[in-house]
Each structure stands twice: as structure tokens, then as C-alpha cells.
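A.B. asks: What follows is a single structure, and I will ask about it in a moment.
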Amino acid sequence: MPTCGRVSRQSLRHGGLDREYLYLLPRVACGGGKADGEAHQTLSALRLPLLVLVHCFGCRDELGKFAAAAEAASFALLAPEGMWSSWNAPSCCGEAKANKLDDFGFLDAVVTDAAASLPVARGALFGSRCPDADATSRRSLGDAVPETATLAREGTRPERSRAVSPRHEYEFDAPAPVPVSMHHCEADRAVQLGGCCEGGPACCCGIGAGRSGCVGAAALHARWLSLNRCKGARRAVGVGGAVCHVGHGCAANVSLCVFPSDGGCYHAQWARQFAGAEGIVQFFAAEARRP
């Protein structure tokens with residue numbers, strides 16, 4: 001029986017391996033006002049937006065970074081766990097990639113399993129991928145579960161089709177507008193603001209090795225502005241002194257926030273604590289309220 005107000009662990013067999021994911025339901029799902037960690041026998045009839053959190057290479061605690069914001073906004077959180085804290089994505093990294101694990105299929109299976117047992121709303125599935133550029137977006141739950149694989153590739157979720165081509169993870173298209181919120185540390189050396197590629201500044205863990213051209217966060221943001229039919233972007237100051245470029249006149253919201261490194265923004269710090277977590281949840285809460 002699902003519980004509210006505490007992190008719960010669920011096992012799942014996939015690809016011949018015993019895999020796990022974590023979930024956290026806000027207390028309102030069990031009627032609200034209950035003590036953290038209390039197991040409840042019945043869930044309320046409320047259906048919640050679901051935010052899927054994909055951790056970075058070598059990281060684990062994505063739930064901890066988003067828990068307070070999700071509780072305040074009544075979001076359910078879902079955190080698949082990569083084998084050896086790694087993922088088999090096109091550019092990165094570690095044992096999962098070396099062993100060619102079916103992590104795209106695993107993410108599909110996690111979403112399907114959670115949707116069958118947790119009180120989540122159809123049409124309100126969102127995704128966040130750490131680290132930079134941390135892009136997030138939305139698609140309809142139940143309409144295209146196999147497309148969950150896109151989340152590991154780019155952190156983006158199209159409504160009904162993949163946004164990433166097999167040729168290059170930054171060559172993508174979307175037949176329908178996709179809300180995207182991007183976040184990046186200004187001087188992060190693990191994942192460069194200007195992108196990772198051969199001949200460019202070195203990135204962590206072989207990211208971009210063999211890639212002929214760098215595609216930076218600004219170019220990626222511009223592509224989403226175009227795909228979402230934005231009229232332009234306005235500059236704004238975000239949390240932690242971040243410089244944000246927010247699309248206006250868009251068919252779906254698009255934003256890019258670059259955090260100054262002198263404010264303590266660097267890759268290892270974001271692996272533990274992410275200042276933009278509340279903003280991401282609020283960004284998606286606004287999307288969840290759309291008719």
C-alpha cells in the first residue's frame with residue numbers, strides 16, 4: 001500500500017536485473033495533516049501531477065532536493081535509480097553505459113509501474129534531469145508511455161513523439177509545443193555552458209567524446225524558443241541571482257536560467273542541493289493547471 005510523507009522504495013525486474021525506484025507522495029494524498037512516515041491504508045481520491053527525477057552520474061538524492069517544493073505544491077515525486085549510480089545515455093556515463101543497459105526501457109517500466117499504483121493524474125507527467133542543462137517538460141500520462149526514453153536523452157518530454165533523433169542527442173524536433181525549463185551553472189567544468197565536444201573545453205566523464213560540434217545551452221534554448229513558436233525572450237533575475245531568459249508569446253513556456261558561480265553554483269554542489277528546485281516545481285504546477 002502506498003504511503004504519504006516519507007520516501008518509499010519499490011523493486012522492479014527489468015532486463016534480467018533487479019532494479020529499484022523511489023517515490024514520495026505529499027501528505028495531501030492521504031488526506032493531509034498526517035505525520036511524516038505514517039503508513040495509511042487508504043489514499044484520497046485526489047490525483048496528483050507526477051515529476052520524474054533522473055539523477056546525475058554518481059548521484060542519488062534527487063528526492064531530497066525537490067521534497068519541500070513538491071510537498072508545498074502537492075506533486076508526487078518519482079526517482080528511478082541507475083545501476084551503479086549511472087545511466088546508459090548517448091553521451092554518458094559509467095558502468096551502465098559500459099554494460100549497455102536498457103535504461104530507456106527501464107524508465108518506461110518505472111513510469112508504467114508507478115502509474116498503476118500511485119494516485120497520479122493523466123496528462124500531468126513531468127520530468128527533470130540533472131545535471132546542467134537541466135531541462136524539464138511535460139507529456140500526457142498513459143498516451144505514450146514508451147516515449148519515456150526521451151527523458152534520459154535530453155531531459156525533455158514531447159506530448160506524443162520523441163524530441164530527440166538517433167543521430168545526435170541535440171538534434172531534435174517536436175510536433176507539438178513542449179514546456180521546457182533549463183538551468184545551468186555559469187562556469188561548471190563538468191558540463192560546459194557552451195557544450196561538450198571534441199576540440200572544445202573538456203567535460204566530465206567523456207561527455208561529448210567523438211562529437212564534432214559543441215551545442216551550448218543558449219543554442220539549445222533558442223531551438224526550443226523556435227519550436228514553441230515564441231515571439232522572443234525577456235531577461236529576468238531568478239533565484240540565487242540567476243540570469244534568466246524567459247520566452248514570451250510562446251505556445252508552451254520556455255526558460256533558461258544561468259546561475260553565477262560566485263554564488264556557490266558548481267556541479268558537485270548541485271548534486272546535493274539545487275536552488276532551482278522550487279522554480280521547476282512552480283513552472284510545472286502552472287502547466288498542470290492549464291486546461
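In the C-alpha cells, the first chain shown is A, the next is B, and so on; residue numbers restart at 1 for each chain, and ligands run from 1 in the order shown.
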Can you tell me, as a list in words, what residues are no more than 10 Å from Ala69 (chain A) when counting only C-alpha atoms, ignoring any on the same chain fewer than 2 positions away?

C.D. replies: Gly64, Lys65, Phe66, Ala67, Glu71, Ala72, Ala73, Ser74, Phe75, Ala277, Glu278, Gly279, Ile280, Val281 and Gln282 of chain A

A.B. asks: Could those selected residues go to a file with N, CA and C atoms, as a compact mmCIF listing (two decimals), in the first residue's frame?

C.D. replies:
```txt
# COMPACT_ATOMS: atom_id res chain seq x y z
N GLY A 64 15.52 14.38 -2.28
CA GLY A 64 15.80 15.33 -1.21
C GLY A 64 15.82 16.77 -1.69
N LYS A 65 16.25 16.98 -2.94
CA LYS A 65 16.34 18.33 -3.49
C LYS A 65 14.96 18.91 -3.81
N PHE A 66 14.00 18.06 -4.10
CA PHE A 66 12.69 18.52 -4.55
C PHE A 66 11.57 18.30 -3.53
N ALA A 67 11.87 17.63 -2.42
CA ALA A 67 10.82 17.20 -1.49
C ALA A 67 9.98 18.34 -0.95
N GLU A 71 6.03 18.94 -1.79
CA GLU A 71 5.02 18.90 -0.72
C GLU A 71 4.15 20.16 -0.75
N ALA A 72 4.78 21.32 -0.93
CA ALA A 72 4.03 22.57 -0.95
C ALA A 72 3.09 22.67 -2.14
N ALA A 73 3.50 22.08 -3.27
CA ALA A 73 2.71 22.19 -4.50
C ALA A 73 1.85 20.95 -4.76
N SER A 74 1.87 19.99 -3.84
CA SER A 74 1.10 18.75 -3.97
C SER A 74 1.48 17.97 -5.22
N PHE A 75 2.79 17.78 -5.42
CA PHE A 75 3.32 16.97 -6.50
C PHE A 75 3.78 15.62 -5.95
N ALA A 277 15.09 24.10 -7.63
CA ALA A 277 14.07 23.06 -7.49
C ALA A 277 12.68 23.65 -7.33
N GLU A 278 12.54 24.65 -6.47
CA GLU A 278 11.22 25.24 -6.26
C GLU A 278 10.69 25.88 -7.54
N GLY A 279 11.57 26.54 -8.27
CA GLY A 279 11.17 27.16 -9.51
C GLY A 279 10.69 26.15 -10.54
N ILE A 280 11.35 24.99 -10.61
CA ILE A 280 10.93 23.95 -11.54
C ILE A 280 9.55 23.43 -11.17
N VAL A 281 9.33 23.16 -9.90
CA VAL A 281 8.02 22.66 -9.47
C VAL A 281 6.94 23.70 -9.75
N GLN A 282 7.21 24.97 -9.48
CA GLN A 282 6.23 26.02 -9.77
C GLN A 282 5.98 26.14 -11.27
```

A.B. asks: Against region 243-253 of chain A, which residues of region 162-230 of chain A fall within 7 Å? For each one I want the closest pair of atoms and the distance in Å (one decimal), counting only C-alpha atoms, rows by chain and increasing residue number, as JSON lines.

C.D. replies:
```
{"residue": "A:Pro177", "atom": "CA", "partner": "A:Ala252", "partner_atom": "CA", "distance": 5.4}
{"residue": "A:Val178", "atom": "CA", "partner": "A:Ala252", "partner_atom": "CA", "distance": 5.7}
{"residue": "A:Pro179", "atom": "CA", "partner": "A:Asn253", "partner_atom": "CA", "distance": 4.8}
{"residue": "A:Val180", "atom": "CA", "partner": "A:Asn253", "partner_atom": "CA", "distance": 6.4}
{"residue": "A:Leu225", "atom": "CA", "partner": "A:Gly247", "partner_atom": "CA", "distance": 6.6}
{"residue": "A:Asn228", "atom": "CA", "partner": "A:Ala251", "partner_atom": "CA", "distance": 5.4}
{"residue": "A:Arg229", "atom": "CA", "partner": "A:Cys250", "partner_atom": "CA", "distance": 5.5}
{"residue": "A:Cys230", "atom": "CA", "partner": "A:Cys250", "partner_atom": "CA", "distance": 3.9}
```

A.B. asks: So which residues touch Leu77 (chain A) within 7 Å, counting only C-alpha atoms, skipping near sequence neighbours fewer than 3 positions away, as number ranges by chain?

C.D. replies: A: 23-25, 50-52, 63

A.B. asks: Would you put the residues from that selection into a file with N, CA and C atoms, as a PDB file, in the first residue's frame?

C.D. replies:
```
ATOM      1  N   TYR A  23       9.799   6.712  -4.511  1.00  0.00           N
ATOM      2  CA  TYR A  23       8.717   7.667  -4.722  1.00  0.00           C
ATOM      3  C   TYR A  23       8.386   8.370  -3.417  1.00  0.00           C
ATOM      4  N   LEU A  24       7.811   9.538  -3.548  1.00  0.00           N
ATOM      5  CA  LEU A  24       7.410  10.336  -2.398  1.00  0.00           C
ATOM      6  C   LEU A  24       6.091  11.005  -2.721  1.00  0.00           C
ATOM      7  N   LEU A  25       5.051  10.665  -1.952  1.00  0.00           N
ATOM      8  CA  LEU A  25       3.744  11.282  -2.113  1.00  0.00           C
ATOM      9  C   LEU A  25       3.562  12.376  -1.078  1.00  0.00           C
ATOM     10  N   LEU A  50       2.825  14.304 -11.522  1.00  0.00           N
ATOM     11  CA  LEU A  50       3.971  13.459 -11.194  1.00  0.00           C
ATOM     12  C   LEU A  50       5.228  14.028 -11.830  1.00  0.00           C
ATOM     13  N   LEU A  51       6.272  14.208 -11.026  1.00  0.00           N
ATOM     14  CA  LEU A  51       7.556  14.694 -11.502  1.00  0.00           C
ATOM     15  C   LEU A  51       8.579  13.567 -11.393  1.00  0.00           C
ATOM     16  N   VAL A  52       9.113  13.133 -12.543  1.00  0.00           N
ATOM     17  CA  VAL A  52      10.112  12.073 -12.600  1.00  0.00           C
ATOM     18  C   VAL A  52      11.498  12.709 -12.546  1.00  0.00           C
ATOM     19  N   LEU A  63      15.358  13.121  -4.778  1.00  0.00           N
ATOM     20  CA  LEU A  63      14.143  13.379  -3.999  1.00  0.00           C
ATOM     21  C   LEU A  63      14.373  14.436  -2.941  1.00  0.00           C
TER      22      LEU A  63
END
```

A.B. asks: For Glu20 (chain A), find every residue with an atom within 6 Å (counting only C-alpha atoms), except residues of its own chain fewer than 6 positions away, and show them as a ChimeraX atom specification.

C.D. replies: /A:10-12,81

A.B. asks: Take the residues from that selection and write them out as a PDB file, in the first residue's frame, keeping all heavy atoms.

C.D. replies:
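The resulting file, selection.pdb, is reproduced below:
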```pdb
ATOM      1  N   GLN A  10      10.581   0.917  -4.202  1.00  0.00           N
ATOM      2  CA  GLN A  10       9.849  -0.109  -4.931  1.00  0.00           C
ATOM      3  C   GLN A  10      10.813  -0.886  -5.818  1.00  0.00           C
ATOM      4  O   GLN A  10      11.661  -0.293  -6.493  1.00  0.00           O
ATOM      5  CB  GLN A  10       8.757   0.527  -5.786  1.00  0.00           C
ATOM      6  CG  GLN A  10       7.872  -0.449  -6.526  1.00  0.00           C
ATOM      7  CD  GLN A  10       6.968  -1.244  -5.594  1.00  0.00           C
ATOM      8  OE1 GLN A  10       6.535  -0.730  -4.561  1.00  0.00           O
ATOM      9  NE2 GLN A  10       6.703  -2.490  -5.926  1.00  0.00           N
ATOM     10  N   SER A  11      10.696  -2.207  -5.830  1.00  0.00           N
ATOM     11  CA  SER A  11      11.539  -3.052  -6.669  1.00  0.00           C
ATOM     12  C   SER A  11      10.846  -3.353  -7.987  1.00  0.00           C
ATOM     13  O   SER A  11       9.609  -3.407  -8.060  1.00  0.00           O
ATOM     14  CB  SER A  11      11.864  -4.368  -5.954  1.00  0.00           C
ATOM     15  OG  SER A  11      12.601  -4.122  -4.775  1.00  0.00           O
ATOM     16  N   LEU A  12      11.640  -3.560  -9.016  1.00  0.00           N
ATOM     17  CA  LEU A  12      11.119  -3.804 -10.354  1.00  0.00           C
ATOM     18  C   LEU A  12      12.124  -4.663 -11.111  1.00  0.00           C
ATOM     19  O   LEU A  12      13.323  -4.354 -11.126  1.00  0.00           O
ATOM     20  CB  LEU A  12      10.901  -2.472 -11.079  1.00  0.00           C
ATOM     21  CG  LEU A  12      10.300  -2.504 -12.476  1.00  0.00           C
ATOM     22  CD1 LEU A  12       8.855  -2.978 -12.415  1.00  0.00           C
ATOM     23  CD2 LEU A  12      10.368  -1.117 -13.095  1.00  0.00           C
ATOM     24  N   GLU A  81      16.387   4.642 -10.027  1.00  0.00           N
ATOM     25  CA  GLU A  81      17.781   4.542  -9.605  1.00  0.00           C
ATOM     26  C   GLU A  81      18.599   3.834 -10.678  1.00  0.00           C
ATOM     27  O   GLU A  81      18.312   2.690 -11.058  1.00  0.00           O
ATOM     28  CB  GLU A  81      17.882   3.801  -8.269  1.00  0.00           C
ATOM     29  CG  GLU A  81      17.247   4.570  -7.118  1.00  0.00           C
ATOM     30  CD  GLU A  81      17.823   4.186  -5.775  1.00  0.00           C
ATOM     31  OE1 GLU A  81      18.132   2.995  -5.569  1.00  0.00           O
ATOM     32  OE2 GLU A  81      17.976   5.079  -4.933  1.00  0.00           O
TER      33      GLU A  81
END
```

A.B. asks: Among the residues of region 43-143 of chain A, find those DSSP assigns to strand (DSSP E) from the backbone and print them as JSON, numbers by chain.

C.D. replies: {"A": [48, 49, 50, 51, 52, 53, 54, 76, 77, 78, 79, 80, 120, 121, 122, 123, 124, 125, 126, 127, 128, 129, 136, 137, 138, 139]}

A.B. asks: Emit the selected residues as a PDB file, in the first residue's frame, including N, CA and C atoms.

C.D. replies:
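Output contents, as saved in selection.pdb:
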```pdb
ATOM      1  N   LEU A  48      -2.650  13.455  -8.580  1.00  0.00           N
ATOM      2  CA  LEU A  48      -1.561  14.418  -8.466  1.00  0.00           C
ATOM      3  C   LEU A  48      -0.713  14.482  -9.723  1.00  0.00           C
ATOM      4  N   PRO A  49      -0.147  15.639 -10.020  1.00  0.00           N
ATOM      5  CA  PRO A  49       0.893  15.694 -11.058  1.00  0.00           C
ATOM      6  C   PRO A  49       2.123  14.932 -10.577  1.00  0.00           C
ATOM      7  N   LEU A  50       2.825  14.304 -11.522  1.00  0.00           N
ATOM      8  CA  LEU A  50       3.971  13.459 -11.194  1.00  0.00           C
ATOM      9  C   LEU A  50       5.228  14.028 -11.830  1.00  0.00           C
ATOM     10  N   LEU A  51       6.272  14.208 -11.026  1.00  0.00           N
ATOM     11  CA  LEU A  51       7.556  14.694 -11.502  1.00  0.00           C
ATOM     12  C   LEU A  51       8.579  13.567 -11.393  1.00  0.00           C
ATOM     13  N   VAL A  52       9.113  13.133 -12.543  1.00  0.00           N
ATOM     14  CA  VAL A  52      10.112  12.073 -12.600  1.00  0.00           C
ATOM     15  C   VAL A  52      11.498  12.709 -12.546  1.00  0.00           C
ATOM     16  N   LEU A  53      12.336  12.270 -11.611  1.00  0.00           N
ATOM     17  CA  LEU A  53      13.646  12.859 -11.372  1.00  0.00           C
ATOM     18  C   LEU A  53      14.739  11.866 -11.756  1.00  0.00           C
ATOM     19  N   VAL A  54      15.536  12.228 -12.751  1.00  0.00           N
ATOM     20  CA  VAL A  54      16.638  11.370 -13.191  1.00  0.00           C
ATOM     21  C   VAL A  54      17.946  11.941 -12.646  1.00  0.00           C
ATOM     22  N   ALA A  76       3.572  14.558  -6.714  1.00  0.00           N
ATOM     23  CA  ALA A  76       4.198  13.276  -6.425  1.00  0.00           C
ATOM     24  C   ALA A  76       5.565  13.253  -7.090  1.00  0.00           C
ATOM     25  N   LEU A  77       6.545  12.635  -6.433  1.00  0.00           N
ATOM     26  CA  LEU A  77       7.905  12.535  -6.970  1.00  0.00           C
ATOM     27  C   LEU A  77       8.249  11.075  -7.230  1.00  0.00           C
ATOM     28  N   LEU A  78       8.975  10.845  -8.319  1.00  0.00           N
ATOM     29  CA  LEU A  78       9.386   9.507  -8.703  1.00  0.00           C
ATOM     30  C   LEU A  78      10.847   9.566  -9.104  1.00  0.00           C
ATOM     31  N   ALA A  79      11.680   8.720  -8.493  1.00  0.00           N
ATOM     32  CA  ALA A  79      13.123   8.768  -8.742  1.00  0.00           C
ATOM     33  C   ALA A  79      13.655   7.383  -9.103  1.00  0.00           C
ATOM     34  N   PRO A  80      13.757   7.064 -10.395  1.00  0.00           N
ATOM     35  CA  PRO A  80      14.394   5.803 -10.803  1.00  0.00           C
ATOM     36  C   PRO A  80      15.863   5.803 -10.375  1.00  0.00           C
ATOM     37  N   VAL A 120      -1.759   9.302  -9.450  1.00  0.00           N
ATOM     38  CA  VAL A 120      -1.239  10.341 -10.337  1.00  0.00           C
ATOM     39  C   VAL A 120      -2.253  10.657 -11.423  1.00  0.00           C
ATOM     40  N   ALA A 121      -2.200  11.896 -11.889  1.00  0.00           N
ATOM     41  CA  ALA A 121      -3.186  12.396 -12.845  1.00  0.00           C
ATOM     42  C   ALA A 121      -2.761  12.110 -14.271  1.00  0.00           C
ATOM     43  N   ARG A 122      -3.691  11.764 -15.103  1.00  0.00           N
ATOM     44  CA  ARG A 122      -3.424  11.650 -16.529  1.00  0.00           C
ATOM     45  C   ARG A 122      -3.178  13.046 -17.088  1.00  0.00           C
ATOM     46  N   GLY A 123      -2.241  13.149 -18.025  1.00  0.00           N
ATOM     47  CA  GLY A 123      -1.966  14.433 -18.644  1.00  0.00           C
ATOM     48  C   GLY A 123      -1.108  15.350 -17.804  1.00  0.00           C
ATOM     49  N   ALA A 124      -0.486  14.837 -16.731  1.00  0.00           N
ATOM     50  CA  ALA A 124       0.344  15.684 -15.866  1.00  0.00           C
ATOM     51  C   ALA A 124       1.609  14.948 -15.446  1.00  0.00           C
ATOM     52  N   LEU A 125       2.347  14.446 -16.423  1.00  0.00           N
ATOM     53  CA  LEU A 125       3.632  13.799 -16.176  1.00  0.00           C
ATOM     54  C   LEU A 125       4.749  14.726 -16.630  1.00  0.00           C
ATOM     55  N   PHE A 126       5.680  14.995 -15.726  1.00  0.00           N
ATOM     56  CA  PHE A 126       6.778  15.907 -15.996  1.00  0.00           C
ATOM     57  C   PHE A 126       8.094  15.201 -15.699  1.00  0.00           C
ATOM     58  N   GLY A 127       9.190  15.775 -16.203  1.00  0.00           N
ATOM     59  CA  GLY A 127      10.478  15.142 -15.971  1.00  0.00           C
ATOM     60  C   GLY A 127      11.574  16.152 -15.736  1.00  0.00           C
ATOM     61  N   SER A 128      12.511  15.810 -14.866  1.00  0.00           N
ATOM     62  CA  SER A 128      13.683  16.643 -14.606  1.00  0.00           C
ATOM     63  C   SER A 128      14.917  15.775 -14.678  1.00  0.00           C
ATOM     64  N   ARG A 129      15.929  16.270 -15.386  1.00  0.00           N
ATOM     65  CA  ARG A 129      17.188  15.547 -15.463  1.00  0.00           C
ATOM     66  C   ARG A 129      18.306  16.413 -14.916  1.00  0.00           C
ATOM     67  N   THR A 136      13.382  20.448 -18.422  1.00  0.00           N
ATOM     68  CA  THR A 136      12.225  19.715 -17.941  1.00  0.00           C
ATOM     69  C   THR A 136      11.024  20.015 -18.812  1.00  0.00           C
ATOM     70  N   SER A 137      10.090  19.070 -18.890  1.00  0.00           N
ATOM     71  CA  SER A 137       8.925  19.288 -19.731  1.00  0.00           C
ATOM     72  C   SER A 137       7.800  18.331 -19.403  1.00  0.00           C
ATOM     73  N   ARG A 138       6.792  18.264 -20.287  1.00  0.00           N
ATOM     74  CA  ARG A 138       5.556  17.574 -19.963  1.00  0.00           C
ATOM     75  C   ARG A 138       5.081  16.692 -21.115  1.00  0.00           C
ATOM     76  N   ARG A 139       4.354  15.636 -20.776  1.00  0.00           N
ATOM     77  CA  ARG A 139       3.600  14.899 -21.776  1.00  0.00           C
ATOM     78  C   ARG A 139       2.397  14.239 -21.110  1.00  0.00           C
TER      79      ARG A 139
END
```
